[in-house]
Structure formats: structure tokens, C-alpha cells
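Chemist: What follows is my_file.cif, mmCIF, C-alpha atoms.
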```
data_coords
loop_
_atom_site.label_atom_id
_atom_site.label_comp_id
_atom_site.auth_asym_id
_atom_site.auth_seq_id
_atom_site.Cartn_x
_atom_site.Cartn_y
_atom_site.Cartn_z
CA GLY V 193 0.00 0.00 0.00
CA ALA V 194 1.12 3.55 -0.66
CA GLY V 195 -0.44 5.22 2.35
CA VAL V 196 0.97 6.45 5.65
CA SER V 197 1.49 3.57 8.04
CA GLN V 198 1.78 3.70 11.82
CA SER V 199 2.78 1.19 14.43
CA PRO V 200 1.72 -0.14 16.76
CA SER V 201 -1.98 0.30 16.02
CA ASN V 202 -2.76 -0.06 19.71
CA LYS V 203 -0.59 0.42 22.77
CA VAL V 204 -1.47 -0.09 26.42
CA THR V 205 1.07 1.07 28.96
CA GLU V 206 1.36 1.82 32.63
CA LYS V 207 1.60 5.32 34.01
CA GLY V 208 5.22 6.39 34.25
CA LYS V 209 6.51 4.21 31.42
CA ASP V 210 8.00 5.56 28.19
CA VAL V 211 6.43 4.77 24.81
CA GLU V 212 7.59 5.08 21.21
CA LEU V 213 5.20 5.46 18.31
CA ARG V 214 6.37 4.98 14.74
CA CYS V 215 5.29 6.59 11.48
CA ASP V 216 6.23 5.55 7.94
CA PRO V 217 5.24 8.38 5.59
CA ILE V 218 4.30 8.08 1.95
CA SER V 219 7.46 7.59 -0.09
CA GLY V 220 8.82 10.87 -1.41
CA HIS V 221 6.84 13.07 0.95
CA THR V 222 9.12 15.68 2.49
CA ALA V 223 6.75 16.96 5.16
CA LEU V 224 5.65 14.90 8.16
CA TYR V 225 3.21 15.86 10.90
CA TRP V 226 2.11 14.43 14.22
CA TYR V 227 -1.34 15.15 15.62
CA ARG V 228 -3.15 13.99 18.75
CA GLN V 229 -6.86 13.24 18.85
CA SER V 230 -8.58 12.99 22.22
CA LEU V 231 -12.18 13.18 23.38
CA GLY V 232 -11.74 16.39 25.27
CA GLN V 233 -9.46 18.31 22.93
CA GLY V 234 -10.31 17.11 19.45
CA LEU V 235 -7.52 16.95 16.88
CA GLU V 236 -4.42 18.95 17.87
CA PHE V 237 -1.21 19.66 16.00
CA LEU V 238 1.92 18.46 17.80
CA ILE V 239 5.00 18.76 15.58
CA TYR V 240 5.99 19.22 11.94
CA PHE V 241 9.11 18.19 10.00
CA GLN V 242 10.01 19.63 6.61
CA GLY V 243 13.09 18.29 4.86
CA ASN V 244 16.27 19.22 6.71
CA SER V 245 14.78 22.27 8.41
CA ALA V 246 14.43 22.53 12.17
CA PRO V 247 11.10 20.99 13.20
CA ASP V 248 8.16 23.13 14.30
CA LYS V 249 7.59 21.86 17.83
CA SER V 250 5.07 24.51 18.80
CA GLY V 251 2.27 22.03 19.52
CA LEU V 252 4.11 19.68 21.87
CA PRO V 253 2.22 19.84 25.20
CA SER V 254 5.21 19.26 27.50
CA ASP V 255 8.89 18.36 27.52
CA ARG V 256 7.90 14.73 28.03
CA PHE V 257 7.03 14.68 24.33
CA SER V 258 9.71 14.53 21.65
CA ALA V 259 9.96 13.38 18.06
CA GLU V 260 12.65 12.70 15.54
CA ARG V 261 12.75 11.94 11.88
CA THR V 262 15.65 9.86 10.65
CA GLY V 263 16.93 10.09 7.09
CA GLY V 264 14.05 12.30 6.09
CA SER V 265 11.66 9.37 6.20
CA VAL V 266 10.53 7.39 9.25
CA SER V 267 9.56 9.32 12.37
CA THR V 268 9.27 8.31 16.01
CA LEU V 269 7.20 10.13 18.60
CA THR V 270 8.40 9.44 22.14
CA ILE V 271 6.40 10.11 25.28
CA GLN V 272 8.37 9.83 28.48
CA ARG V 273 6.88 9.11 31.90
CA THR V 274 3.41 8.69 30.44
CA GLN V 275 0.41 10.11 32.27
CA GLN V 276 -3.23 9.08 32.03
CA GLU V 277 -4.05 12.31 30.21
CA ASP V 278 -1.71 11.18 27.40
CA SER V 279 -4.31 8.56 26.42
CA ALA V 280 -5.39 9.48 22.90
CA VAL V 281 -5.05 8.54 19.26
CA TYR V 282 -1.77 9.76 17.80
CA LEU V 283 -2.05 10.46 14.09
CA CYS V 284 0.81 10.90 11.66
CA ALA V 285 0.41 12.63 8.31
CA SER V 286 2.69 13.38 5.38
CA SER V 287 2.67 15.56 2.30
CA SER V 288 4.79 16.68 -0.62
CA VAL V 289 3.15 19.99 -1.51
CA GLY V 290 -0.29 20.87 -0.27
CA LEU V 291 -2.46 19.16 2.27
CA PRO V 292 -1.36 16.09 4.19
CA TYR V 293 -2.53 12.48 4.03
CA PHE V 294 -3.24 10.92 7.41
CA GLY V 295 -2.32 7.50 8.69
CA PRO V 296 -4.72 5.32 10.71
CA GLY V 297 -3.24 6.35 14.06
CA THR V 298 -1.91 4.65 17.17
CA ARG V 299 -4.40 4.28 19.99
CA LEU V 300 -2.54 4.83 23.26
CA LEU V 301 -4.08 3.89 26.59
CA VAL V 302 -2.21 4.79 29.77
CA LEU V 303 -3.44 2.87 32.80
CA THR G 140 -4.98 30.90 18.22
CA GLN G 141 -7.60 30.54 15.50
CA LEU G 142 -10.60 28.70 16.86
CA LEU G 143 -13.08 26.81 14.72
CA GLU G 144 -16.48 26.29 16.33
CA GLN G 145 -18.29 23.36 14.82
CA SER G 146 -21.95 22.52 15.34
CA PRO G 147 -23.81 20.43 16.08
CA GLN G 148 -21.56 18.06 17.97
CA PHE G 149 -23.87 15.10 17.36
CA LEU G 150 -26.44 14.34 14.67
CA SER G 151 -28.60 11.24 14.58
CA ILE G 152 -30.97 11.06 11.63
CA GLN G 153 -32.92 8.64 9.48
CA GLU G 154 -31.87 7.62 6.01
CA GLY G 155 -33.19 10.07 3.42
CA GLU G 156 -33.14 13.15 5.66
CA ASN G 157 -31.10 16.26 4.92
CA LEU G 158 -28.62 17.83 7.33
CA THR G 159 -26.27 20.77 7.67
CA VAL G 160 -23.07 21.06 9.70
CA TYR G 161 -21.63 24.49 10.50
CA CYS G 162 -18.08 25.68 11.05
CA ASN G 163 -17.63 29.22 12.39
CA SER G 164 -14.76 31.42 13.44
CA SER G 165 -13.96 35.02 14.21
CA SER G 166 -10.84 34.71 12.05
CA VAL G 167 -10.54 35.10 8.31
CA PHE G 168 -9.09 32.11 6.49
CA SER G 169 -7.38 31.88 3.14
CA SER G 170 -8.90 28.42 2.77
CA LEU G 171 -10.88 25.89 4.75
CA GLN G 172 -11.03 22.12 4.49
CA TRP G 173 -13.62 19.49 5.34
CA TYR G 174 -12.56 15.99 6.35
CA ARG G 175 -14.42 12.78 7.08
CA GLN G 176 -13.09 10.23 9.53
CA GLU G 177 -14.30 6.69 10.08
CA PRO G 178 -13.53 4.60 13.18
CA GLY G 179 -10.00 3.25 13.19
CA GLU G 180 -8.86 5.45 10.34
CA GLY G 181 -7.34 8.87 9.85
CA PRO G 182 -9.25 11.86 8.46
CA VAL G 183 -9.75 11.88 4.70
CA LEU G 184 -9.96 15.18 2.84
CA LEU G 185 -13.34 15.83 1.21
CA VAL G 186 -12.90 19.36 -0.14
CA THR G 187 -11.01 22.63 0.13
CA VAL G 188 -12.85 25.93 -0.27
CA VAL G 189 -10.82 29.01 -1.10
CA THR G 190 -12.95 31.85 -2.44
CA GLY G 191 -15.48 33.77 -0.34
CA GLY G 192 -18.98 32.71 -1.36
CA GLU G 193 -17.70 29.59 -3.06
CA VAL G 194 -19.99 26.58 -3.36
CA LYS G 195 -18.61 23.13 -4.15
CA LYS G 196 -20.58 19.96 -4.71
CA LEU G 197 -19.43 16.41 -4.20
CA LYS G 198 -22.33 14.12 -5.15
CA ARG G 199 -24.89 14.64 -2.36
CA LEU G 200 -22.55 16.88 -0.34
CA THR G 201 -22.59 20.67 -0.80
CA PHE G 202 -19.91 22.84 0.77
CA GLN G 203 -20.16 26.61 1.16
CA PHE G 204 -17.54 29.15 2.19
CA GLY G 205 -18.90 32.34 3.70
CA ASP G 206 -18.49 35.62 1.85
CA ALA G 207 -16.17 36.91 4.58
CA ARG G 208 -14.20 33.63 4.63
CA LYS G 209 -14.90 33.18 8.35
CA ASP G 210 -17.42 30.36 8.20
CA SER G 211 -18.40 27.34 6.19
CA SER G 212 -21.15 24.77 6.01
CA LEU G 213 -21.55 21.21 4.83
CA HIS G 214 -24.98 20.13 3.63
CA ILE G 215 -25.85 16.51 2.92
CA THR G 216 -28.93 15.73 0.88
CA ALA G 217 -30.79 12.45 1.34
CA ALA G 218 -28.32 11.04 3.85
CA GLN G 219 -27.40 7.38 3.64
CA PRO G 220 -25.99 5.00 6.28
CA GLY G 221 -22.67 5.13 4.44
CA ASP G 222 -22.44 8.82 5.34
CA THR G 223 -22.04 7.89 9.00
CA GLY G 224 -18.79 9.19 10.45
CA LEU G 225 -16.99 12.11 12.05
CA TYR G 226 -16.95 15.30 9.99
CA LEU G 227 -14.21 17.82 10.70
CA CYS G 228 -13.55 21.30 9.42
CA ALA G 229 -9.99 22.57 9.43
CA ALA G 230 -7.97 25.59 8.46
CA ASN G 231 -4.32 26.50 8.20
CA ALA G 232 -2.96 27.33 11.64
CA GLY G 233 -0.47 29.83 10.34
CA GLY G 234 3.07 29.66 9.10
CA THR G 235 4.32 28.31 5.83
CA SER G 236 3.05 24.76 6.12
CA TYR G 237 -0.23 23.76 4.48
CA GLY G 238 -0.42 20.79 6.79
CA LYS G 239 -0.25 22.64 10.11
CA LEU G 240 -3.98 22.70 10.67
CA THR G 241 -6.43 23.82 13.32
CA PHE G 242 -9.46 21.54 13.52
CA GLY G 243 -12.99 22.04 14.73
CA GLN G 244 -14.25 19.71 17.44
CA GLY G 245 -16.08 17.61 14.88
CA THR G 246 -19.62 16.46 14.22
CA ILE G 247 -20.47 12.81 14.79
CA LEU G 248 -23.11 11.86 12.24
CA THR G 249 -25.14 8.67 12.53
CA VAL G 250 -27.54 7.80 9.74
CA HIS G 251 -30.00 5.05 10.63
CA PRO G 252 -31.37 2.79 7.89
#
```
Could you quickly redo this structure as C-alpha cells?

Modeler:
Amino acid sequence: GAGVSQSPSNKVTEKGKDVELRCDPISGHTALYWYRQSLGQGLEFLIYFQGNSAPDKSGLPSDRFSAERTGGSVSTLTIQRTQQEDSAVYLCASSSVGLPYFGPGTRLLVL
Amino acid sequence: TQLLEQSPQFLSIQEGENLTVYCNSSSVFSSLQWYRQEPGEGPVLLVTVVTGGEVKKLKRLTFQFGDARKDSSLHITAAQPGDTGLYLCAANAGGTSYGKLTFGQGTILTVHP
């Protein structure tokens, strides 16, 4: 398939543990985005990568959240010391020019 | 922060009925998008409206962009169970990236057969 893929599709973790979420963008797409979708807050922008430029981290809610993009392709979103309020669907999206295509998301549940 | 107020939050209707979803803001947008999201999937782009007063049709879906480019509506004619899903409006959140979007809270539509 040529779409954005994310793994795992579901993740259950205990409060205080670290988690890593992976995104494989559409081949050739230079821009990559992470969003969070929760019941209370809707869909929120987290971070944006464009080529070799410094990422736009303006949406990250705290310093427990970080992301990297290796080789201009795959990206990993890391949440350290998870809290129950981190429970949400984490969506990745990618684009070349124009609007992004979204992946199916990773459903994170913090117990 | 540009806020998008979407209403109603929930819609439960019978097959064949018409419905309208609204997306309002106090900000002016250069463009506005509508997405549809089904359970377990990411949002899928339905349409982008750019010009004030613009009307776009996608089969039974009609999208309007307000003259002042501050609001938009989505009208579905003769809804079908396959229209069930979460409908989201979105607009560019600023900066140079098209994909840095602000979303409305969404409208959960259920169409009963």
C-alpha cells in the first residue's frame, strides 16, 4: 500500500513508562506531521518536520514529548513518563506539496 | 490561536433526511477544508474551499464558504448509512506549512437505515 502507516496500532502502557510510536510516511513526501486526537481536545497539532529544516515543535504539550525523523523518512514520537491524560489517538500525516494524508493512528491507553 | 467552532456536535438522523453542519470562526481564512473520519482510520480530505462565497458539490454533499471567509457549512442531501462518520472542518494554523492545521471539534453523524 502507498499510504501512511503507523505502528503499533494499539498500545497499552502503565503510568510512568516511556512509549515510542512509529510513522512511515508516503514515499517521497518531504513533510511529516504528528497530531493527537482525544475526546476532550479534538484533533491537535503536535510537531511538523520539513526536509532538513528545524522541526516546528510549537504544539508539543510538555517536555515529556519529543519526536525525531531519521533520514528524512521514518519518524518516532516518544512520550516519556506517560500520564493518564496522554491517552489518545496519535495520528501521523505526510505531504509533498499541499495538504497532508493521514495514517490510521496509534491508539494509546495509559493505565 | 484561530478557533473553529463546529456545530452540532452530534447528529442522529434517518436515512433520506437532509442535514447541515456548520463551522464558524472570528478569524478570516485563506482556505478551509472538510474531512471525514471513520472509526480506526485517519481523516480523509473531502474538499477545500478558497474563495469567499464559493460553493462546491461532491455528489450529495454541498460545501459553502462564507463571503467573509470566516465560516463554512456542509450540507448533505438524502443522507445514507454510508455517510455515518466524524466530519471535521480545518484551516491552516499559520506559518508556511499547508499541513499545520487547526481543527474544529467535529460532528459525529449517525444515519439510521

Chemist: At most 10 Å from (-20.2, 25.5, 13.1), file frame, all atoms listed in the file: which residues, as a ChimeraX atom specification?

Modeler: /G:143-148,159-164,210-213,228,243-246

Chemist: Provide the atom CA of Ile271 of chain V to atom CA of Gly243 of chain V distance in Å, to one decimal place.

Modeler: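 These atoms are spaced 23.0 Å apart.
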
Chemist: I need the contact residues of chain V against chain G, so if you could list those with any atom within 7 Å, counting all atoms listed in the file, and return them as an mmCIF file with C-alpha atoms, in the frame of the given file, that would help.

Modeler:
```cif
data_model
loop_
_atom_site.group_PDB
_atom_site.id
_atom_site.type_symbol
_atom_site.label_atom_id
_atom_site.label_comp_id
_atom_site.auth_asym_id
_atom_site.auth_seq_id
_atom_site.Cartn_x
_atom_site.Cartn_y
_atom_site.Cartn_z
ATOM 1 C CA GLY V 234 -10.310 17.110 19.450
ATOM 2 C CA LEU V 235 -7.520 16.950 16.880
ATOM 3 C CA GLU V 236 -4.420 18.950 17.870
ATOM 4 C CA PHE V 237 -1.210 19.660 16.000
ATOM 5 C CA LEU V 283 -2.050 10.460 14.090
ATOM 6 C CA GLY V 290 -0.290 20.870 -0.270
ATOM 7 C CA LEU V 291 -2.460 19.160 2.270
ATOM 8 C CA PRO V 292 -1.360 16.090 4.190
ATOM 9 C CA PHE V 294 -3.240 10.920 7.410
ATOM 10 C CA GLY V 295 -2.320 7.500 8.690
ATOM 11 C CA PRO V 296 -4.720 5.320 10.710
ATOM 12 C CA GLY V 297 -3.240 6.350 14.060
#
```

Chemist: When you look at Asp206 of chain G with a cut-off of 10 Å (counting only C-alpha atoms), what residues show up, excluding the ones that are within fewer than 3 positions of it in the same chain? I need them as JSON, numbers by chain.

Modeler: {"G": [190, 191, 192, 193, 203, 209, 210, 211]}

Chemist: Enumerate, as JSON, numbers by chain, the residues matched when the PyMOL selection byres ((chain G and resi 223) around 12) is run on the file above.

Modeler: {"G": [149, 150, 151, 152, 153, 154, 175, 176, 177, 178, 215, 218, 219, 220, 221, 222, 224, 225, 226, 246, 247, 248, 249, 250, 251, 252]}

Chemist: Return as lines of an AutoDock Vina configuration file the box centre and box size in Å, one decimal, for an axis-aligned box around all listed atoms of segment 220-234 of chain V padded by 4 Å per side.

Modeler:
```
center_x = -1.5
center_y = 14.6
center_z = 11.9
size_x = 29.3
size_y = 15.4
size_z = 34.7
```

Chemist: Which residue gives the smallest distance to Arg256 of chain V among V:Lys209, V:Arg228, V:Arg214, V:Lys203, with all atoms listed in the file counted?

Modeler: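 Closest residue, counting all atoms listed in the file: V:Lys209.
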
Chemist: To one decimal place in Å, what is the distance between atom CA of Thr298 of chain V and atom CA of Leu213 of chain V?

Modeler: 7.2 Å

Chemist: Using all atoms listed in the file, collect all residues at a distance of at most 7 Å from (5.1, 7.7, 22.6) as written in the file, then present them as number ranges by chain.

Modeler: V: 210-213, 269-271

Chemist: Take the PyMOL selection byres ((chain G and resi 217) around 6), run it mentally on this structure, and tell me the resulting residues as a count of residues only.

Modeler: 5

Chemist: Calculated over only C-alpha atoms, which of the candidates V:Ile218, V:Ala246, V:Leu231, V:Val196 has the smallest distance to Glu260 of chain V?

Modeler: V:Ala246

Chemist: Enter the distance from atom CA of Ser286 of chain V to atom CA of Asn244 of chain V, in Å, rounded to one decimal.

Modeler: 14.8 Å

Chemist: Smallest atom-to-atom distance to Leu300 of chain V: which of V:Gln275, V:Phe241, V:Ser287, V:Pro217, using all atoms listed in the file?

Modeler: V:Gln275

Chemist: Using all atoms listed in the file, determine which residues lie at most 10 Å from Lys249 of chain V, disregarding the query and same-chain residues fewer than 6 positions distant; provide the list as a VMD selection string.

Modeler: chain V and resid 226 237 to 241 257 to 259

Chemist: From the list G:Ala230, G:Leu200, G:Val194, G:Ala207, which residue is nearest Ser170 of chain G when using all atoms listed in the file?

Modeler: G:Ala230

Chemist: I need the residue nearest Gln229 of chain V from this list: V:Arg273, V:Arg299, V:Gln242, V:Ala280. Use all atoms listed in the file for the distance.

Modeler: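 Closest candidate: V:Ala280.
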
Chemist: With N, CA and C atoms as the goal, would you fill in the gaps in segment 279-297 of chain V and present it as a compact mmCIF listing (two decimals), keeping the file's coordinate frame?

Modeler:
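Now in part.txt:
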```txt
# COMPACT_ATOMS: atom_id res chain seq x y z
N SER V 279 -3.48 9.52 27.15
CA SER V 279 -4.31 8.56 26.42
C SER V 279 -5.03 9.29 25.29
N ALA V 280 -4.83 8.81 24.08
CA ALA V 280 -5.39 9.48 22.90
C ALA V 280 -5.03 8.64 21.68
N VAL V 281 -5.51 9.09 20.53
CA VAL V 281 -5.05 8.54 19.26
C VAL V 281 -4.01 9.50 18.70
N TYR V 282 -2.86 8.95 18.36
CA TYR V 282 -1.77 9.76 17.80
C TYR V 282 -1.72 9.50 16.31
N LEU V 283 -1.97 10.56 15.54
CA LEU V 283 -2.05 10.46 14.09
C LEU V 283 -0.81 11.07 13.44
N CYS V 284 -0.30 10.39 12.46
CA CYS V 284 0.81 10.90 11.66
C CYS V 284 0.26 11.24 10.28
N ALA V 285 0.82 12.25 9.65
CA ALA V 285 0.41 12.63 8.31
C ALA V 285 1.64 13.05 7.52
N SER V 286 1.57 12.93 6.20
CA SER V 286 2.69 13.38 5.38
C SER V 286 2.17 14.05 4.12
N SER V 287 3.05 14.88 3.53
CA SER V 287 2.67 15.56 2.30
C SER V 287 3.92 15.90 1.49
N SER V 288 3.70 16.15 0.19
CA SER V 288 4.79 16.68 -0.62
C SER V 288 4.56 18.19 -0.73
N VAL V 289 3.62 18.61 -1.55
CA VAL V 289 3.15 19.99 -1.51
C VAL V 289 1.66 19.93 -1.23
N GLY V 290 1.14 20.89 -0.52
CA GLY V 290 -0.29 20.87 -0.27
C GLY V 290 -0.66 20.14 1.00
N LEU V 291 -1.89 19.70 1.04
CA LEU V 291 -2.46 19.16 2.27
C LEU V 291 -1.97 17.74 2.55
N PRO V 292 -1.94 17.38 3.83
CA PRO V 292 -1.36 16.09 4.19
C PRO V 292 -2.35 14.93 4.09
N TYR V 293 -1.78 13.73 3.96
CA TYR V 293 -2.53 12.48 4.03
C TYR V 293 -2.27 11.87 5.41
N PHE V 294 -3.35 11.44 6.06
CA PHE V 294 -3.24 10.92 7.41
C PHE V 294 -3.11 9.41 7.43
N GLY V 295 -2.35 8.92 8.42
CA GLY V 295 -2.32 7.50 8.69
C GLY V 295 -3.48 7.10 9.58
N PRO V 296 -3.59 5.80 9.91
CA PRO V 296 -4.72 5.32 10.71
C PRO V 296 -4.60 5.60 12.20
N GLY V 297 -3.41 6.00 12.65
CA GLY V 297 -3.24 6.35 14.06
C GLY V 297 -2.79 5.20 14.94
```
